[in-house]
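Okay, protein_17.cif now, which holds mmCIF, C-alpha atoms and all ligand atoms:
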```
data_run
#
loop_
_atom_site.label_atom_id
_atom_site.label_comp_id
_atom_site.auth_asym_id
_atom_site.auth_seq_id
_atom_site.Cartn_x
_atom_site.Cartn_y
_atom_site.Cartn_z
CA MET L 1 -2.29 -53.48 260.11
CA SER L 2 -3.96 -51.54 262.94
CA ASP L 3 -4.10 -47.76 262.88
CA SER L 4 -3.32 -47.15 266.53
CA PHE L 5 -3.18 -43.64 267.98
CA PRO L 6 0.09 -42.24 269.28
CA SER L 7 -1.81 -39.98 271.69
CA ALA L 8 -5.19 -39.65 273.37
CA ALA L 9 -5.89 -36.32 271.58
CA PRO L 10 -8.89 -36.43 269.23
CA PRO L 11 -7.85 -37.00 265.60
CA ILE L 12 -7.55 -34.08 263.16
CA VAL L 13 -9.09 -36.00 260.26
CA GLU L 14 -11.46 -38.96 260.28
CA LEU L 15 -12.74 -40.51 257.08
CA HIS L 16 -15.29 -43.25 257.59
CA ARG L 17 -16.21 -45.56 254.72
CA ILE L 18 -15.88 -43.00 251.92
CA THR L 19 -16.72 -44.19 248.44
CA ARG L 20 -16.44 -41.95 245.40
CA HIS L 21 -17.29 -42.75 241.78
CA PHE L 22 -16.63 -40.69 238.67
CA GLY L 23 -19.02 -42.29 236.21
CA ARG L 24 -18.09 -45.95 236.32
CA LYS L 25 -14.62 -45.27 237.72
CA VAL L 26 -14.27 -45.91 241.48
CA ALA L 27 -11.76 -43.33 242.72
CA LEU L 28 -12.21 -44.14 246.43
CA ASP L 29 -13.48 -47.52 247.53
CA ASP L 30 -14.75 -47.75 251.13
CA VAL L 31 -11.88 -45.67 252.53
CA SER L 32 -11.54 -45.25 256.28
CA LEU L 33 -8.59 -43.28 257.59
CA THR L 34 -7.64 -41.52 260.80
CA ILE L 35 -5.01 -38.81 260.96
CA PRO L 36 -3.92 -38.08 264.54
CA ARG L 37 -3.11 -34.59 265.78
CA GLY L 38 0.53 -33.54 265.49
CA GLY L 39 3.23 -34.79 263.18
CA VAL L 40 3.57 -35.50 259.49
CA PHE L 41 1.22 -37.89 257.72
CA GLY L 42 2.31 -39.12 254.28
CA LEU L 43 -0.28 -40.35 251.78
CA ILE L 44 1.48 -42.47 249.19
CA GLY L 45 0.26 -44.05 246.00
CA GLY L 46 0.93 -44.21 242.28
CA ASN L 47 -0.69 -42.13 239.53
CA GLY L 48 -4.48 -42.26 239.69
CA ALA L 49 -4.47 -44.08 243.06
CA GLY L 50 -6.98 -41.63 244.60
CA LYS L 51 -4.72 -39.27 246.61
CA THR L 52 -6.10 -35.99 245.26
CA THR L 53 -9.69 -37.23 245.49
CA LEU L 54 -9.12 -38.14 249.14
CA ILE L 55 -7.55 -34.74 249.88
CA LYS L 56 -10.47 -32.94 248.20
CA HIS L 57 -12.86 -34.74 250.56
CA VAL L 58 -10.80 -33.55 253.53
CA LEU L 59 -11.03 -29.97 252.23
CA GLY L 60 -14.78 -30.24 251.59
CA LEU L 61 -14.24 -29.63 247.86
CA PHE L 62 -15.92 -32.97 247.12
CA LYS L 63 -19.03 -34.14 248.94
CA ALA L 64 -18.86 -37.77 250.02
CA GLN L 65 -21.22 -39.96 247.97
CA SER L 66 -21.26 -42.32 250.93
CA GLY L 67 -19.53 -42.29 254.29
CA THR L 68 -18.57 -39.40 256.56
CA VAL L 69 -15.71 -36.91 256.75
CA ARG L 70 -14.72 -35.05 259.91
CA VAL L 71 -11.94 -32.49 260.12
CA PHE L 72 -11.24 -30.95 263.56
CA GLY L 73 -14.38 -32.92 264.51
CA LEU L 74 -16.50 -30.93 261.98
CA ASP L 75 -18.10 -31.68 258.63
CA PRO L 76 -15.92 -29.68 256.19
CA ILE L 77 -18.87 -28.93 253.90
CA GLU L 78 -21.32 -27.78 256.56
CA ASN L 79 -18.59 -25.86 258.40
CA ALA L 80 -16.50 -24.70 255.45
CA VAL L 81 -15.34 -21.44 257.05
CA GLY L 82 -14.49 -23.02 260.41
CA VAL L 83 -12.55 -25.84 258.76
CA LEU L 84 -10.84 -24.09 255.83
CA GLY L 85 -9.77 -21.18 258.03
CA ARG L 86 -7.55 -23.59 259.95
CA ILE L 87 -6.09 -25.33 256.89
CA GLY L 88 -3.20 -24.27 254.64
CA TYR L 89 -3.45 -25.95 251.23
CA LEU L 90 -1.04 -26.25 248.33
CA SER L 91 -2.76 -27.91 245.38
CA GLU L 92 -1.04 -30.15 242.86
CA GLU L 93 -1.69 -27.56 240.14
CA ARG L 94 -0.55 -24.66 242.40
CA ASP L 95 -3.52 -22.73 241.05
CA LEU L 96 -2.70 -19.12 241.93
CA PRO L 97 -4.12 -15.99 240.24
CA ASP L 98 -1.69 -15.40 237.37
CA TRP L 99 -2.40 -11.70 236.97
CA MET L 100 -1.38 -10.74 240.52
CA ARG L 101 2.06 -9.63 241.62
CA VAL L 102 3.60 -11.59 244.52
CA SER L 103 2.90 -8.68 246.90
CA GLU L 104 -0.75 -8.57 245.78
CA LEU L 105 -1.12 -12.31 246.19
CA ILE L 106 0.14 -11.98 249.76
CA ARG L 107 -2.19 -9.06 250.59
CA TYR L 108 -5.15 -10.74 248.91
CA THR L 109 -4.71 -14.05 250.75
CA GLN L 110 -4.14 -12.26 254.05
CA ALA L 111 -7.68 -10.84 253.84
CA PHE L 112 -9.16 -14.34 254.20
CA TYR L 113 -7.26 -15.29 257.35
CA PRO L 114 -7.64 -13.41 260.67
CA ALA L 115 -4.66 -15.35 262.03
CA TRP L 116 -2.34 -14.19 259.19
CA ASP L 117 1.15 -13.34 260.48
CA PRO L 118 2.59 -10.57 258.25
CA ARG L 119 6.04 -10.83 259.78
CA TYR L 120 6.18 -14.56 259.11
CA ALA L 121 4.93 -13.98 255.54
CA GLU L 122 7.74 -11.49 254.94
CA GLU L 123 10.27 -13.85 256.49
CA LEU L 124 9.13 -16.63 254.15
CA ARG L 125 9.14 -14.30 251.11
CA GLU L 126 12.76 -13.42 251.82
CA ALA L 127 13.77 -17.00 252.56
CA PHE L 128 12.13 -18.14 249.30
CA ASP L 129 13.76 -15.26 247.42
CA LEU L 130 10.46 -14.07 245.86
CA ASP L 131 10.46 -10.62 244.26
CA PRO L 132 7.26 -8.84 245.44
CA LEU L 133 6.88 -7.09 242.08
CA THR L 134 6.98 -10.19 239.89
CA LYS L 135 3.68 -11.31 238.42
CA VAL L 136 2.62 -14.86 239.34
CA ARG L 137 2.43 -15.75 235.64
CA ASN L 138 6.15 -14.95 235.28
CA LEU L 139 7.29 -17.10 238.20
CA SER L 140 9.27 -20.24 237.41
CA ARG L 141 7.76 -23.56 238.42
CA GLY L 142 9.83 -23.66 241.60
CA GLN L 143 9.05 -20.03 242.50
CA ARG L 144 5.36 -20.71 241.95
CA ALA L 145 5.52 -23.66 244.36
CA ARG L 146 7.30 -21.44 246.89
CA ALA L 147 4.66 -18.68 246.49
CA GLY L 148 1.90 -21.25 246.99
CA LEU L 149 3.67 -22.56 250.05
CA LEU L 150 4.09 -19.05 251.48
CA VAL L 151 0.36 -18.29 251.32
CA ALA L 152 -0.48 -21.75 252.69
CA LEU L 153 1.85 -21.27 255.67
CA ALA L 154 1.59 -17.62 256.69
CA HIS L 155 -1.60 -17.99 258.72
CA ARG L 156 0.08 -20.75 260.73
CA PRO L 157 -2.57 -23.37 259.94
CA ASP L 158 -3.40 -26.18 262.35
CA LEU L 159 -3.41 -28.52 259.36
CA LEU L 160 -1.13 -28.04 256.35
CA VAL L 161 -2.24 -30.06 253.31
CA LEU L 162 0.22 -30.44 250.44
CA ASP L 163 -0.78 -32.40 247.33
CA GLU L 164 2.33 -33.72 245.57
CA PRO L 165 4.35 -30.72 246.75
CA SER L 166 7.65 -31.87 245.23
CA SER L 167 6.38 -33.08 241.90
CA GLY L 168 8.53 -31.81 239.02
CA LEU L 169 10.72 -29.62 241.22
CA ASP L 170 14.49 -29.46 241.55
CA PRO L 171 16.26 -30.57 244.76
CA VAL L 172 16.70 -27.01 246.08
CA VAL L 173 12.96 -26.24 245.96
CA ARG L 174 12.20 -29.71 247.32
CA ARG L 175 14.47 -28.95 250.26
CA ASP L 176 12.49 -25.71 250.92
CA ILE L 177 9.27 -27.66 250.89
CA LEU L 178 10.52 -30.32 253.27
CA GLY L 179 11.91 -27.52 255.47
CA ALA L 180 8.45 -25.91 255.54
CA ILE L 181 6.88 -29.20 256.58
CA ILE L 182 9.35 -29.59 259.40
CA ARG L 183 8.93 -25.93 260.47
CA THR L 184 5.17 -26.37 260.59
CA ILE L 185 5.23 -29.25 263.02
CA ALA L 186 7.93 -27.61 265.13
CA GLU L 187 4.99 -25.79 266.74
CA GLU L 188 3.33 -28.25 269.05
CA GLY L 189 0.13 -29.87 267.90
CA ARG L 190 0.21 -28.82 264.25
CA THR L 191 -0.29 -31.47 261.60
CA VAL L 192 0.87 -31.93 258.01
CA LEU L 193 -0.87 -34.16 255.49
CA PHE L 194 1.04 -34.53 252.26
CA SER L 195 0.68 -36.80 249.28
CA SER L 196 3.61 -38.01 247.24
CA HIS L 197 4.99 -40.74 245.10
CA LEU L 198 8.56 -39.81 246.07
CA LEU L 199 8.85 -42.46 248.73
CA ASP L 200 12.38 -41.67 249.90
CA GLU L 201 11.17 -38.15 250.70
CA VAL L 202 8.13 -39.45 252.58
CA GLU L 203 10.36 -41.83 254.51
CA ARG L 204 12.56 -38.89 255.59
CA VAL L 205 9.82 -36.68 257.02
CA ALA L 206 6.66 -38.70 257.74
CA ASP L 207 5.81 -40.09 261.17
CA ARG L 208 2.87 -42.03 259.76
CA VAL L 209 2.01 -43.27 256.31
CA ALA L 210 -1.09 -44.51 254.49
CA MET L 211 -0.72 -46.42 251.23
CA ILE L 212 -3.48 -46.05 248.70
CA HIS L 213 -3.85 -48.17 245.58
CA GLN L 214 -6.77 -48.24 243.16
CA GLY L 215 -8.89 -46.28 245.61
CA ARG L 216 -8.30 -48.60 248.57
CA ILE L 217 -6.14 -48.08 251.65
CA LEU L 218 -3.63 -50.95 251.71
CA MET L 219 -2.00 -49.94 254.97
CA SER L 220 -1.97 -47.12 257.50
CA ALA L 221 0.67 -47.19 260.21
CA SER L 222 3.51 -45.33 261.85
CA MET L 223 6.92 -45.45 260.13
CA ASP L 224 8.26 -47.31 263.19
CA GLU L 225 5.55 -49.96 262.88
CA ILE L 226 6.27 -50.31 259.16
CA HIS L 227 10.00 -50.76 259.78
CA ASP L 228 9.40 -53.20 262.65
CA THR L 229 7.06 -55.39 260.63
CA HIS L 230 8.76 -55.40 257.22
CA ARG L 231 12.17 -57.03 257.23
CA ARG L 232 14.80 -58.26 254.83
CA VAL L 233 16.40 -61.47 256.18
CA THR L 234 19.18 -63.49 254.65
CA LEU L 235 19.19 -67.13 255.71
CA ARG L 236 22.00 -69.67 255.41
CA PHE L 237 20.83 -73.27 255.11
CA GLU L 238 22.92 -76.33 255.91
CA GLY L 239 23.41 -77.18 252.25
CA PRO L 240 22.57 -75.87 248.75
CA LEU L 241 18.88 -75.82 247.80
CA PRO L 242 17.26 -75.66 244.33
CA ALA L 243 14.70 -73.04 245.46
CA ALA L 244 13.94 -70.85 248.48
CA PRO L 245 11.98 -72.82 251.11
CA SER L 246 8.78 -71.03 252.02
CA LEU L 247 9.13 -68.74 255.03
CA VAL L 248 6.15 -67.38 256.94
CA GLY L 249 5.23 -63.82 255.87
CA SER L 250 7.58 -63.93 252.87
CA LEU L 251 6.69 -61.41 250.14
CA SER L 252 9.50 -62.45 247.78
CA ALA L 253 12.79 -64.37 247.85
CA SER L 254 16.00 -64.35 245.86
CA GLY L 255 19.36 -66.09 246.11
CA GLN L 256 20.98 -69.39 245.29
CA GLY L 257 22.70 -72.40 246.84
CA ALA L 258 22.60 -72.29 250.61
CA GLU L 259 21.96 -68.55 250.99
CA TRP L 260 18.55 -66.94 250.32
CA THR L 261 17.27 -63.43 251.01
CA TYR L 262 13.61 -62.89 251.84
CA LEU L 263 11.56 -59.71 251.93
CA CYS L 264 9.03 -60.39 254.66
CA GLY L 265 6.03 -58.98 256.40
CA GLY L 266 6.58 -59.95 260.02
CA GLU L 267 8.49 -59.02 263.13
CA SER L 268 12.11 -59.94 263.70
CA LEU L 269 11.49 -62.46 266.48
CA GLN L 270 8.76 -64.25 264.55
CA LEU L 271 11.01 -64.50 261.44
CA ARG L 272 13.98 -65.75 263.44
CA ARG L 273 11.83 -68.47 264.98
CA ALA L 274 10.53 -69.46 261.54
CA ALA L 275 14.12 -69.57 260.21
CA GLU L 276 15.20 -71.75 263.11
CA ALA L 277 12.31 -74.14 262.41
CA LEU L 278 13.66 -74.48 258.86
CA GLY L 279 17.12 -75.30 260.22
CA ALA L 280 18.55 -72.04 258.84
CA LYS L 281 20.76 -69.36 260.37
CA VAL L 282 19.94 -65.65 260.02
CA VAL L 283 23.13 -64.11 258.60
CA ASP L 284 21.73 -60.65 257.88
CA GLU L 285 18.63 -58.67 258.78
CA ALA L 286 17.42 -55.12 258.17
CA ALA L 287 14.24 -53.07 257.84
CA LEU L 288 12.78 -52.74 254.34
CA SER L 289 12.68 -49.27 252.80
CA LEU L 290 9.26 -47.70 252.25
CA ASP L 291 9.87 -48.13 248.52
CA GLU L 292 10.34 -51.90 248.93
CA VAL L 293 7.28 -52.20 251.19
CA PHE L 294 5.15 -50.24 248.73
CA LEU L 295 6.25 -52.19 245.66
CA ASN L 296 5.66 -55.51 247.39
CA ARG L 297 2.25 -54.53 248.74
CA VAL L 298 1.08 -53.10 245.44
CA SER L 299 2.33 -56.00 243.34
CA ARG L 300 0.42 -58.40 245.57
N1 LIG N 1 -13.09 -35.01 238.12
C1 LIG N 1 -12.86 -36.24 237.70
N2 LIG N 1 -13.57 -36.80 236.70
C2 LIG N 1 -13.37 -38.08 236.29
N3 LIG N 1 -12.43 -38.91 236.83
C3 LIG N 1 -11.68 -38.41 237.82
C4 LIG N 1 -11.85 -37.06 238.32
N4 LIG N 1 -10.95 -36.87 239.31
C5 LIG N 1 -10.27 -38.03 239.44
N5 LIG N 1 -10.71 -38.94 238.55
C6 LIG N 1 -10.21 -40.33 238.41
O1 LIG N 1 -10.16 -40.89 239.71
C7 LIG N 1 -8.97 -41.67 239.89
C8 LIG N 1 -8.19 -41.11 241.06
O2 LIG N 1 -7.67 -39.83 240.69
P1 LIG N 1 -6.82 -38.93 241.66
O3 LIG N 1 -6.57 -37.63 240.95
O4 LIG N 1 -7.46 -38.86 242.98
O5 LIG N 1 -5.46 -39.77 241.77
P2 LIG N 1 -4.03 -39.36 242.34
O6 LIG N 1 -3.60 -40.47 243.23
O7 LIG N 1 -4.07 -37.99 242.91
O8 LIG N 1 -3.16 -39.40 241.01
P3 LIG N 1 -1.89 -38.51 240.50
O9 LIG N 1 -0.73 -38.88 241.36
O10 LIG N 1 -1.73 -38.98 239.10
O11 LIG N 1 -2.30 -37.07 240.63
C9 LIG N 1 -8.23 -41.61 238.57
O12 LIG N 1 -8.56 -42.75 237.80
C10 LIG N 1 -8.77 -40.36 237.91
O13 LIG N 1 -8.71 -40.47 236.50
#
```
Could I get this file's structure written as structure tokens?
Amino acid sequence: MSDSFPSAAPPIVELHRITRHFGRKVALDDVSLTIPRGGVFGLIGGNGAGKTTLIKHVLGLFKAQSGTVRVFGLDPIENAVGVLGRIGYLSEERDLPDWMRVSELIRYTQAFYPAWDPRYAEELREAFDLDPLTKVRNLSRGQRARAGLLVALAHRPDLLVLDEPSSGLDPVVRRDILGAIIRTIAEEGRTVLFSSHLLDEVERVADRVAMIHQGRILMSASMDEIHDTHRRVTLRFEGPLPAAPSLVGSLSASGQGAEWTYLCGGESLQLRRAAEALGAKVVDEAALSLDEVFLNRVSR
């Protein structure tokens, strides 16, 4: 599937043919990916797919063994200050200094970012209900995620990077995190990259999605393109059939007798024409969920 740009603006992130090994394990295998400016980009994949490794290349925490990385048009290792100063990052481990109080964490992080907005930081602290005197080590898991999010957001980064932000959190904290994502892009031109295996959540907030599996990008496209090109169609044939006749683009089929439902990769018009050629009537049609698309792509 093509990775077309929604706008003419230069992309925020460009990975070109990145390969990364850990010993004999290939964590990223010839990965090329473009993240356009503005909007929410979801990186989805199962455990060990390569999401964190990819994100660490974007942040310049890993040096590409082969291929090139550009963030804001710059090499994030050669221009670490210029790149990291414009990024807000919440790691999967939410690694914050345990011995600091929340107020100290805020003051300490502020020192690194000239663009820090103290009023916004205070607004977020209140909205996230974080006691300034509590030590980071005594925060609950959800409060820790909120504290990490606060310090990632308060300098109003051009690019917000969240690695599995919702993992292991209750629905109330997850709602805060999704709210923060939406707030970030409310300001024109800002971009969010977040990784997740909670596909319903990604489907709710992402404009574009890349699927990664065993270190390879299986697909990178806008949510609209994904919905337009992945359809569930139910066909009624003239009489009962022992098995589903093959339909172009079909990923799987189920049913019995004269009625069969196909999960397909293909556009509506193309599928309807193929159904007609089989002498069948389309009795139902809908877009596949991201979950269904992912499971079908990965199982292939
Ligand atoms: N520092 C490392 N040393 C050795 N192997 C590593 C290292 N980091 C990652 N890997 C391996 O690379 C592969 C990709 O890992 P990565 O953490 O990028 O996956 P992920 O998609 O973020 O997974 P998860 O959702 O489980 O966090 C895995 O097989 C992992 O075991």
Tell me, counting all atoms listed in the file, for each residue of stretch 128-208 of chain L within 12 Å of stretch 58-71 of chain L, which pair of atoms is nearest and how far apart they are in Å to one decimal, in rows ordered by chain and increasing number, as CSV.
```
residue,atom,partner,partner_atom,distance
L:Asp158,CA,L:Val71,CA,10.8
L:Leu159,CA,L:Val71,CA,9.4
L:Leu160,CA,L:Leu59,CA,10.9
L:Val161,CA,L:Leu59,CA,8.9
L:Leu162,CA,L:Leu59,CA,11.4
L:Asp163,CA,L:Leu59,CA,11.6
L:Thr191,CA,L:Val71,CA,11.8
L:Leu193,CA,L:Val58,CA,10.1
L:Phe194,CA,L:Val58,CA,11.9
```
Report as an mmCIF file with C-alpha atoms, keeping the file's coordinate frame which protein, DNA and RNA residues come within 8 Å of ligand LIG 1 (chain N), using only C-alpha atoms and all ligand atoms.
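The file below, part-v8.cif, is the result:
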```cif
data_model
loop_
_atom_site.group_PDB
_atom_site.id
_atom_site.type_symbol
_atom_site.label_atom_id
_atom_site.label_comp_id
_atom_site.auth_asym_id
_atom_site.auth_seq_id
_atom_site.Cartn_x
_atom_site.Cartn_y
_atom_site.Cartn_z
ATOM 1 C CA HIS L 21 -17.290 -42.750 241.780
ATOM 2 C CA PHE L 22 -16.630 -40.690 238.670
ATOM 3 C CA GLY L 23 -19.020 -42.290 236.210
ATOM 4 C CA LYS L 25 -14.620 -45.270 237.720
ATOM 5 C CA VAL L 26 -14.270 -45.910 241.480
ATOM 6 C CA ALA L 27 -11.760 -43.330 242.720
ATOM 7 C CA LEU L 28 -12.210 -44.140 246.430
ATOM 8 C CA GLY L 45 0.260 -44.050 246.000
ATOM 9 C CA GLY L 46 0.930 -44.210 242.280
ATOM 10 C CA ASN L 47 -0.690 -42.130 239.530
ATOM 11 C CA GLY L 48 -4.480 -42.260 239.690
ATOM 12 C CA ALA L 49 -4.470 -44.080 243.060
ATOM 13 C CA GLY L 50 -6.980 -41.630 244.600
ATOM 14 C CA LYS L 51 -4.720 -39.270 246.610
ATOM 15 C CA THR L 52 -6.100 -35.990 245.260
ATOM 16 C CA THR L 53 -9.690 -37.230 245.490
ATOM 17 C CA LEU L 54 -9.120 -38.140 249.140
ATOM 18 C CA GLU L 92 -1.040 -30.150 242.860
ATOM 19 C CA ASP L 163 -0.780 -32.400 247.330
ATOM 20 C CA GLU L 164 2.330 -33.720 245.570
ATOM 21 C CA SER L 196 3.610 -38.010 247.240
ATOM 22 C CA HIS L 197 4.990 -40.740 245.100
ATOM 23 C CA ILE L 212 -3.480 -46.050 248.700
ATOM 24 C CA GLN L 214 -6.770 -48.240 243.160
ATOM 25 C CA GLY L 215 -8.890 -46.280 245.610
#
```
(message) Please list as number ranges by chain every residue within 10 Å of L:Ala274, counting all atoms listed in the file and excluding residues in the same chain fewer than 3 positions away.
(response) L: 246-249, 268-271, 277-280
(request) Report the distance between atom CA of L:Ala127 and atom CA of L:Val102 in Å, rounded to one decimal place. (result) 14.0 Å
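The closest residue to L:Glu238, picked from L:Asp224, L:Met219, L:Trp260, L:Ser254 and counting all atoms listed in the file, is L:Trp260.
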(request) Quick one: everything within 7 Å of stretch 38-42 of chain L, counting all atoms listed in the file, minus sequence neighbours fewer than 5 positions away in the same chain. Send it as a PyMOL selection string. (result) chain L and resi 185+188-195+202+205-210
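For the pair atom CA of L:Ser103 and atom CA of L:Gly179, the interatomic distance is 22.6 Å.
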Excluding stretch 131-141 of chain L and any residue of its chain fewer than 2 positions from it, enumerate the residues within 12 Å of it, using all atoms listed in the file, and give them as a PDB file with C-alpha atoms, in the frame of the given file.
```pdb
ATOM      1  CA  GLU L  92      -1.040 -30.150 242.860  1.00  0.00           C
ATOM      2  CA  GLU L  93      -1.690 -27.560 240.140  1.00  0.00           C
ATOM      3  CA  ARG L  94      -0.550 -24.660 242.400  1.00  0.00           C
ATOM      4  CA  ASP L  95      -3.520 -22.730 241.050  1.00  0.00           C
ATOM      5  CA  LEU L  96      -2.700 -19.120 241.930  1.00  0.00           C
ATOM      6  CA  PRO L  97      -4.120 -15.990 240.240  1.00  0.00           C
ATOM      7  CA  ASP L  98      -1.690 -15.400 237.370  1.00  0.00           C
ATOM      8  CA  TRP L  99      -2.400 -11.700 236.970  1.00  0.00           C
ATOM      9  CA  MET L 100      -1.380 -10.740 240.520  1.00  0.00           C
ATOM     10  CA  ARG L 101       2.060  -9.630 241.620  1.00  0.00           C
ATOM     11  CA  VAL L 102       3.600 -11.590 244.520  1.00  0.00           C
ATOM     12  CA  SER L 103       2.900  -8.680 246.900  1.00  0.00           C
ATOM     13  CA  GLU L 104      -0.750  -8.570 245.780  1.00  0.00           C
ATOM     14  CA  LEU L 105      -1.120 -12.310 246.190  1.00  0.00           C
ATOM     15  CA  ILE L 106       0.140 -11.980 249.760  1.00  0.00           C
ATOM     16  CA  ARG L 107      -2.190  -9.060 250.590  1.00  0.00           C
ATOM     17  CA  ALA L 121       4.930 -13.980 255.540  1.00  0.00           C
ATOM     18  CA  GLU L 122       7.740 -11.490 254.940  1.00  0.00           C
ATOM     19  CA  LEU L 124       9.130 -16.630 254.150  1.00  0.00           C
ATOM     20  CA  ARG L 125       9.140 -14.300 251.110  1.00  0.00           C
ATOM     21  CA  GLU L 126      12.760 -13.420 251.820  1.00  0.00           C
ATOM     22  CA  ALA L 127      13.770 -17.000 252.560  1.00  0.00           C
ATOM     23  CA  PHE L 128      12.130 -18.140 249.300  1.00  0.00           C
ATOM     24  CA  ASP L 129      13.760 -15.260 247.420  1.00  0.00           C
ATOM     25  CA  GLN L 143       9.050 -20.030 242.500  1.00  0.00           C
ATOM     26  CA  ARG L 144       5.360 -20.710 241.950  1.00  0.00           C
ATOM     27  CA  ALA L 145       5.520 -23.660 244.360  1.00  0.00           C
ATOM     28  CA  ARG L 146       7.300 -21.440 246.890  1.00  0.00           C
ATOM     29  CA  ALA L 147       4.660 -18.680 246.490  1.00  0.00           C
ATOM     30  CA  GLY L 148       1.900 -21.250 246.990  1.00  0.00           C
ATOM     31  CA  PRO L 165       4.350 -30.720 246.750  1.00  0.00           C
ATOM     32  CA  SER L 166       7.650 -31.870 245.230  1.00  0.00           C
ATOM     33  CA  SER L 167       6.380 -33.080 241.900  1.00  0.00           C
ATOM     34  CA  GLY L 168       8.530 -31.810 239.020  1.00  0.00           C
ATOM     35  CA  LEU L 169      10.720 -29.620 241.220  1.00  0.00           C
ATOM     36  CA  ASP L 170      14.490 -29.460 241.550  1.00  0.00           C
ATOM     37  CA  VAL L 173      12.960 -26.240 245.960  1.00  0.00           C
ATOM     38  CA  ARG L 174      12.200 -29.710 247.320  1.00  0.00           C
TER      39      ARG L 174
END
```
(message) Just checking: using all atoms listed in the file, which residue out of L:Met223, L:Ile44, L:Ile55, L:Leu199 ends up closest to L:Ala287?
(response) L:Met223
(request) Name the residues in contact with stretch 114-118 of chain L at a cut-off of 10 Å, using only C-alpha atoms, excluding same-chain residues fewer than 6 positions from it; report them as an MDAnalysis selection string. (result) chainID L and resid 85:86 106:107 124 151 153:157
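Minimum atom-to-atom distances from L:Arg175, L:Tyr108, L:Tyr113, L:Ser299 to L:Gly142 were compared using all atoms listed in the file, and the lowest value belongs to L:Arg175.
In this model, the gap between atom CA of L:His227 and atom CA of L:Val293 comes to 9.1 Å.
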Please complete stretch 236-248 of chain L so it has N, CA and C atoms, and hand it over as a CSV table (one decimal), in the coordinates of the input.
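Result saved to selection-v2.csv:
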```csv
chain,number,residue,atom,x,y,z
L,236,ARG,N,21.0,-68.7,255.9
L,236,ARG,CA,22.0,-69.7,255.4
L,236,ARG,C,21.5,-71.1,255.8
L,237,PHE,N,21.3,-71.9,254.8
L,237,PHE,CA,20.8,-73.3,255.1
L,237,PHE,C,22.0,-74.2,255.2
L,238,GLU,N,21.8,-75.4,255.7
L,238,GLU,CA,22.9,-76.3,255.9
L,238,GLU,C,23.6,-76.8,254.6
L,239,GLY,N,22.8,-76.8,253.5
L,239,GLY,CA,23.4,-77.2,252.2
L,239,GLY,C,22.7,-76.4,251.1
L,240,PRO,N,23.2,-76.6,249.9
L,240,PRO,CA,22.6,-75.9,248.8
L,240,PRO,C,21.2,-76.4,248.5
L,241,LEU,N,20.3,-75.5,248.1
L,241,LEU,CA,18.9,-75.8,247.8
L,241,LEU,C,18.5,-75.3,246.4
L,242,PRO,N,17.6,-76.1,245.7
L,242,PRO,CA,17.3,-75.7,244.3
L,242,PRO,C,16.3,-74.4,244.3
L,243,ALA,N,15.6,-74.2,245.4
L,243,ALA,CA,14.7,-73.0,245.5
L,243,ALA,C,14.6,-72.6,246.9
L,244,ALA,N,14.1,-71.4,247.1
L,244,ALA,CA,13.9,-70.8,248.5
L,244,ALA,C,12.8,-71.6,249.2
L,245,PRO,N,13.1,-72.2,250.3
L,245,PRO,CA,12.0,-72.8,251.1
L,245,PRO,C,11.0,-71.7,251.6
L,246,SER,N,9.7,-72.1,251.7
L,246,SER,CA,8.8,-71.0,252.0
L,246,SER,C,9.0,-70.6,253.5
L,247,LEU,N,8.9,-69.3,253.7
L,247,LEU,CA,9.1,-68.7,255.0
L,247,LEU,C,7.9,-67.9,255.3
L,248,VAL,N,7.4,-68.1,256.6
L,248,VAL,CA,6.2,-67.4,256.9
L,248,VAL,C,6.3,-65.9,256.7
```
